[in-house]
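model.pdb follows (PDB, C-alpha atoms):
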```
ATOM      1  CA  MET K   1       0.000   0.000   0.000  1.00  0.00           C
ATOM      2  CA  THR K   2       1.308   3.390  -0.978  1.00  0.00           C
ATOM      3  CA  THR K   3       1.123   5.925   1.808  1.00  0.00           C
ATOM      4  CA  HIS K   4       1.306   9.660   1.530  1.00  0.00           C
ATOM      5  CA  PRO K   5       2.254  11.955   4.361  1.00  0.00           C
ATOM      6  CA  VAL K   6      -0.794  13.393   6.082  1.00  0.00           C
ATOM      7  CA  ALA K   7       1.152  16.614   6.570  1.00  0.00           C
ATOM      8  CA  THR K   8       0.747  17.280   2.838  1.00  0.00           C
ATOM      9  CA  TYR K   9      -2.489  19.083   3.541  1.00  0.00           C
ATOM     10  CA  ALA K  10      -1.578  20.536   6.935  1.00  0.00           C
ATOM     11  CA  MET K  11      -1.067  24.122   5.913  1.00  0.00           C
ATOM     12  CA  THR K  12      -0.490  27.170   8.044  1.00  0.00           C
ATOM     13  CA  GLN K  13      -2.626  30.287   8.011  1.00  0.00           C
ATOM     14  CA  GLN K  14       0.239  32.129   6.335  1.00  0.00           C
ATOM     15  CA  ASP K  15       0.246  29.616   3.442  1.00  0.00           C
ATOM     16  CA  SER K  16      -3.397  30.295   2.711  1.00  0.00           C
ATOM     17  CA  SER K  17      -3.337  34.081   2.746  1.00  0.00           C
ATOM     18  CA  PRO K  18      -5.011  35.668  -0.300  1.00  0.00           C
ATOM     19  CA  SER K  19      -1.672  36.977  -1.570  1.00  0.00           C
ATOM     20  CA  ASN K  20      -0.407  33.379  -1.889  1.00  0.00           C
ATOM     21  CA  LEU K  21      -3.339  32.272  -4.067  1.00  0.00           C
ATOM     22  CA  ARG K  22      -2.180  32.372  -7.674  1.00  0.00           C
ATOM     23  CA  TYR K  23      -5.160  30.570  -9.215  1.00  0.00           C
ATOM     24  CA  LEU K  24      -8.285  32.107  -7.736  1.00  0.00           C
ATOM     25  CA  ALA K  25     -10.567  30.125 -10.044  1.00  0.00           C
ATOM     26  CA  TRP K  26     -10.122  27.072  -7.791  1.00  0.00           C
ATOM     27  CA  GLN K  27      -7.638  27.704  -4.969  1.00  0.00           C
ATOM     28  CA  ARG K  28     -10.073  29.315  -2.514  1.00  0.00           C
ATOM     29  CA  GLU K  29     -12.324  26.241  -2.612  1.00  0.00           C
ATOM     30  CA  TYR K  30      -9.242  24.044  -2.304  1.00  0.00           C
ATOM     31  CA  GLU K  31      -7.921  25.973   0.708  1.00  0.00           C
ATOM     32  CA  ALA K  32     -11.333  25.802   2.395  1.00  0.00           C
ATOM     33  CA  SER K  33     -11.348  22.018   2.043  1.00  0.00           C
ATOM     34  CA  LEU K  34      -7.896  21.764   3.621  1.00  0.00           C
ATOM     35  CA  HIS K  35      -9.055  23.551   6.757  1.00  0.00           C
ATOM     36  CA  GLU K  36     -12.509  21.973   7.202  1.00  0.00           C
ATOM     37  CA  PRO K  37     -12.679  19.993  10.485  1.00  0.00           C
ATOM     38  CA  ASP K  38     -16.242  18.632  10.093  1.00  0.00           C
ATOM     39  CA  PRO K  39     -16.215  15.365   8.047  1.00  0.00           C
ATOM     40  CA  LYS K  40     -19.681  15.963   6.572  1.00  0.00           C
ATOM     41  CA  LYS K  41     -18.804  19.478   5.459  1.00  0.00           C
ATOM     42  CA  LEU K  42     -15.384  18.262   4.328  1.00  0.00           C
ATOM     43  CA  LEU K  43     -16.973  15.812   1.906  1.00  0.00           C
ATOM     44  CA  GLU K  44     -19.127  18.632   0.502  1.00  0.00           C
ATOM     45  CA  ARG K  45     -16.082  20.899   0.172  1.00  0.00           C
ATOM     46  CA  VAL K  46     -14.032  18.179  -1.532  1.00  0.00           C
ATOM     47  CA  HIS K  47     -16.830  17.580  -4.041  1.00  0.00           C
ATOM     48  CA  ALA K  48     -17.119  21.330  -4.636  1.00  0.00           C
ATOM     49  CA  VAL K  49     -13.410  21.836  -5.252  1.00  0.00           C
ATOM     50  CA  GLU K  50     -13.229  18.790  -7.532  1.00  0.00           C
ATOM     51  CA  ALA K  51     -16.050  20.293  -9.626  1.00  0.00           C
ATOM     52  CA  VAL K  52     -14.355  23.702  -9.739  1.00  0.00           C
ATOM     53  CA  ILE K  53     -11.049  22.103 -10.767  1.00  0.00           C
ATOM     54  CA  PHE K  54     -12.803  20.046 -13.456  1.00  0.00           C
ATOM     55  CA  ASN K  55     -14.395  23.215 -14.858  1.00  0.00           C
ATOM     56  CA  ARG K  56     -11.060  25.023 -14.797  1.00  0.00           C
ATOM     57  CA  LEU K  57      -9.364  22.166 -16.644  1.00  0.00           C
ATOM     58  CA  GLN K  58     -12.077  22.413 -19.295  1.00  0.00           C
ATOM     59  CA  GLU K  59     -11.428  26.164 -19.603  1.00  0.00           C
ATOM     60  CA  LEU K  60      -7.700  25.568 -19.955  1.00  0.00           C
ATOM     61  CA  ALA K  61      -8.290  22.945 -22.650  1.00  0.00           C
ATOM     62  CA  GLN K  62     -10.375  25.422 -24.660  1.00  0.00           C
ATOM     63  CA  THR K  63      -7.884  28.304 -24.531  1.00  0.00           C
ATOM     64  CA  SER K  64      -5.351  29.047 -27.222  1.00  0.00           C
ATOM     65  CA  GLU K  65      -2.679  26.405 -27.668  1.00  0.00           C
ATOM     66  CA  ASN K  66      -0.112  29.219 -27.568  1.00  0.00           C
ATOM     67  CA  THR K  67      -0.982  29.962 -23.951  1.00  0.00           C
ATOM     68  CA  ASP K  68       1.267  28.230 -21.439  1.00  0.00           C
ATOM     69  CA  HIS K  69      -0.670  26.854 -18.473  1.00  0.00           C
ATOM     70  CA  LYS K  70       1.926  24.337 -17.285  1.00  0.00           C
ATOM     71  CA  ALA K  71       2.383  25.931 -13.860  1.00  0.00           C
ATOM     72  CA  GLU K  72      -1.348  25.955 -13.148  1.00  0.00           C
ATOM     73  CA  GLU K  73      -1.766  22.422 -14.486  1.00  0.00           C
ATOM     74  CA  GLN K  74       1.026  21.269 -12.169  1.00  0.00           C
ATOM     75  CA  ALA K  75      -0.620  23.065  -9.232  1.00  0.00           C
ATOM     76  CA  ILE K  76      -3.926  21.370 -10.074  1.00  0.00           C
ATOM     77  CA  ALA K  77      -2.243  17.957 -10.256  1.00  0.00           C
ATOM     78  CA  GLU K  78      -0.691  18.524  -6.817  1.00  0.00           C
ATOM     79  CA  ALA K  79      -4.025  19.713  -5.413  1.00  0.00           C
ATOM     80  CA  LEU K  80      -5.771  16.598  -6.739  1.00  0.00           C
ATOM     81  CA  ARG K  81      -3.090  14.365  -5.181  1.00  0.00           C
ATOM     82  CA  THR K  82      -3.574  16.151  -1.865  1.00  0.00           C
ATOM     83  CA  LEU K  83      -7.355  15.787  -2.120  1.00  0.00           C
ATOM     84  CA  ARG K  84      -6.938  12.032  -2.667  1.00  0.00           C
ATOM     85  CA  VAL K  85      -4.861  11.821   0.528  1.00  0.00           C
ATOM     86  CA  LEU K  86      -7.389  13.959   2.379  1.00  0.00           C
ATOM     87  CA  LYS K  87     -10.247  11.730   1.246  1.00  0.00           C
ATOM     88  CA  ARG K  88      -8.348   8.579   2.184  1.00  0.00           C
ATOM     89  CA  ASP K  89      -7.101   9.760   5.583  1.00  0.00           C
ATOM     90  CA  LYS K  90      -9.952  11.967   6.807  1.00  0.00           C
ATOM     91  CA  LEU K  91     -12.960  10.460   5.027  1.00  0.00           C
ATOM     92  CA  GLN K  92     -11.873   6.800   4.912  1.00  0.00           C
ATOM     93  CA  PHE K  93     -12.080   6.519   1.130  1.00  0.00           C
ATOM     94  CA  PRO K  94     -10.265   3.431  -0.195  1.00  0.00           C
ATOM     95  CA  ASP K  95      -6.715   3.852  -1.462  1.00  0.00           C
ATOM     96  CA  TRP K  96      -7.291   3.221  -5.163  1.00  0.00           C
ATOM     97  CA  GLU K  97      -3.543   3.382  -5.839  1.00  0.00           C
ATOM     98  CA  THR K  98      -2.937   0.202  -3.805  1.00  0.00           C
ATOM     99  CA  LYS K  99      -1.206  -2.450  -5.871  1.00  0.00           C
TER     100      LYS K  99
END
```

As structure tokens, the full file:
Amino acid sequence: MTTHPVATYAMTQQDSSPSNLRYLAWQREYEASLHEPDPKKLLERVHAVEAVIFNRLQELAQTSENTDHKAEEQAIAEALRTLRVLKRDKLQFPDWETK
């Protein structure tokens, strides 16, 4: 079983300040999910941020091919990895990466 450090999503208040959010289209929802202590609300927040990220990925796919979105795409990939860990560790989702 592959394990990921739980600390991945343990962020400080300084990390989540508005000035550190580069991708406002999805990062506010993402940050809110990282700090949600209530499991029921956490599941709702995770679903919300996954939907927002999906919509943003669709927007990026429809923009000009000349536009470079690699940094945001990498940030989204990292956020999705962190959300998988959050779902596994806090919401008891199965580890689908288990071999």

### Query
If you count all atoms listed in the file, which residues fall within 9 Å of Trp26 (chain K), apart from same-chain ones fewer than 5 positions away, as a list of chain:residue names?
K:Glu31, K:Val49, K:Glu50, K:Val52, K:Ile53, K:Arg56, K:Ile76

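Separating CA of Leu60 (chain K) from CA of Ala25 (chain K) is a distance of 11.3 Å.
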
### Task
Would you kindly return, as a ChimeraX atom specification, each protein, DNA or RNA residue with an atom no farther than 8 Å from any atom of Ala32 (chain K), considering only C-alpha atoms and excluding same-chain residues fewer than 4 positions away?
/K:28,36,45

### Task
Take the PyMOL selection byres ((chain K and resi 79) around 10), apply it to the structure above, and return the hits as a PyMOL selection string.
chain K and resi 8-9+26-27+30-31+49-50+53+73-78+80-85

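Among the candidate residues K:Gln62, K:Thr67, K:Ser33, K:Asn20, the one lying nearest to Ala48 (chain K) is K:Ser33, with distances computed using only C-alpha atoms.
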
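Of note, CA of Leu24 (chain K) and CA of Asp95 (chain K) are spaced 29.0 Å apart.
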
Adding 8 Å on each side of the box along x, y and z that holds all listed atoms of region 44-63 of chain K, could you give its centre and edge lengths in Å to one decimal, as JSON?
```
{"center_x": -13.4, "center_y": 22.9, "center_z": -12.1, "size_x": 27.4, "size_y": 26.7, "size_z": 41.2}
```

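Here CA of Thr63 (chain K) and CA of Ala51 (chain K) stand 18.8 Å from one another.
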
Using the partial input, fill out region 56-75 of chain K with N, CA and C atoms; write the result as a PDB file, in the frame of the given file.
```pdb
ATOM      1  N   ARG K  56     -12.252  24.254 -14.424  1.00  0.00           N
ATOM      2  CA  ARG K  56     -11.060  25.023 -14.797  1.00  0.00           C
ATOM      3  C   ARG K  56     -10.229  24.262 -15.825  1.00  0.00           C
ATOM      4  N   LEU K  57     -10.102  22.965 -15.660  1.00  0.00           N
ATOM      5  CA  LEU K  57      -9.364  22.166 -16.644  1.00  0.00           C
ATOM      6  C   LEU K  57     -10.036  22.230 -18.012  1.00  0.00           C
ATOM      7  N   GLN K  58     -11.361  22.255 -18.028  1.00  0.00           N
ATOM      8  CA  GLN K  58     -12.077  22.413 -19.295  1.00  0.00           C
ATOM      9  C   GLN K  58     -11.772  23.769 -19.921  1.00  0.00           C
ATOM     10  N   GLU K  59     -11.758  24.827 -19.099  1.00  0.00           N
ATOM     11  CA  GLU K  59     -11.428  26.164 -19.603  1.00  0.00           C
ATOM     12  C   GLU K  59     -10.021  26.179 -20.196  1.00  0.00           C
ATOM     13  N   LEU K  60      -9.082  25.582 -19.476  1.00  0.00           N
ATOM     14  CA  LEU K  60      -7.700  25.568 -19.955  1.00  0.00           C
ATOM     15  C   LEU K  60      -7.584  24.809 -21.274  1.00  0.00           C
ATOM     16  N   ALA K  61      -8.336  23.740 -21.420  1.00  0.00           N
ATOM     17  CA  ALA K  61      -8.290  22.945 -22.650  1.00  0.00           C
ATOM     18  C   ALA K  61      -8.850  23.713 -23.838  1.00  0.00           C
ATOM     19  N   GLN K  62      -9.739  24.663 -23.576  1.00  0.00           N
ATOM     20  CA  GLN K  62     -10.375  25.422 -24.660  1.00  0.00           C
ATOM     21  C   GLN K  62      -9.635  26.701 -25.015  1.00  0.00           C
ATOM     22  N   THR K  63      -8.618  27.073 -24.231  1.00  0.00           N
ATOM     23  CA  THR K  63      -7.884  28.304 -24.531  1.00  0.00           C
ATOM     24  C   THR K  63      -6.872  28.052 -25.632  1.00  0.00           C
ATOM     25  N   SER K  64      -6.317  29.112 -26.135  1.00  0.00           N
ATOM     26  CA  SER K  64      -5.351  29.047 -27.222  1.00  0.00           C
ATOM     27  C   SER K  64      -4.205  28.100 -26.889  1.00  0.00           C
ATOM     28  N   GLU K  65      -3.797  27.328 -27.867  1.00  0.00           N
ATOM     29  CA  GLU K  65      -2.679  26.405 -27.668  1.00  0.00           C
ATOM     30  C   GLU K  65      -1.369  27.154 -27.418  1.00  0.00           C
ATOM     31  N   ASN K  66      -1.320  28.425 -27.780  1.00  0.00           N
ATOM     32  CA  ASN K  66      -0.112  29.219 -27.568  1.00  0.00           C
ATOM     33  C   ASN K  66       0.046  29.642 -26.114  1.00  0.00           C
ATOM     34  N   THR K  67      -1.024  29.550 -25.347  1.00  0.00           N
ATOM     35  CA  THR K  67      -0.982  29.962 -23.951  1.00  0.00           C
ATOM     36  C   THR K  67      -0.372  28.851 -23.110  1.00  0.00           C
ATOM     37  N   ASP K  68       0.583  29.214 -22.271  1.00  0.00           N
ATOM     38  CA  ASP K  68       1.267  28.230 -21.439  1.00  0.00           C
ATOM     39  C   ASP K  68       0.611  28.177 -20.058  1.00  0.00           C
ATOM     40  N   HIS K  69       0.009  27.047 -19.754  1.00  0.00           N
ATOM     41  CA  HIS K  69      -0.670  26.854 -18.473  1.00  0.00           C
ATOM     42  C   HIS K  69       0.006  25.767 -17.643  1.00  0.00           C
ATOM     43  N   LYS K  70       1.251  25.448 -17.968  1.00  0.00           N
ATOM     44  CA  LYS K  70       1.926  24.337 -17.285  1.00  0.00           C
ATOM     45  C   LYS K  70       1.985  24.515 -15.774  1.00  0.00           C
ATOM     46  N   ALA K  71       2.268  25.703 -15.306  1.00  0.00           N
ATOM     47  CA  ALA K  71       2.383  25.931 -13.860  1.00  0.00           C
ATOM     48  C   ALA K  71       1.041  25.684 -13.167  1.00  0.00           C
ATOM     49  N   GLU K  72      -0.037  26.186 -13.759  1.00  0.00           N
ATOM     50  CA  GLU K  72      -1.348  25.955 -13.148  1.00  0.00           C
ATOM     51  C   GLU K  72      -1.739  24.486 -13.237  1.00  0.00           C
ATOM     52  N   GLU K  73      -1.452  23.842 -14.348  1.00  0.00           N
ATOM     53  CA  GLU K  73      -1.766  22.422 -14.486  1.00  0.00           C
ATOM     54  C   GLU K  73      -0.993  21.591 -13.464  1.00  0.00           C
ATOM     55  N   GLN K  74       0.248  21.968 -13.197  1.00  0.00           N
ATOM     56  CA  GLN K  74       1.026  21.269 -12.169  1.00  0.00           C
ATOM     57  C   GLN K  74       0.434  21.517 -10.782  1.00  0.00           C
ATOM     58  N   ALA K  75      -0.001  22.745 -10.520  1.00  0.00           N
ATOM     59  CA  ALA K  75      -0.620  23.065  -9.232  1.00  0.00           C
ATOM     60  C   ALA K  75      -1.924  22.288  -9.059  1.00  0.00           C
TER      61      ALA K  75
END
```
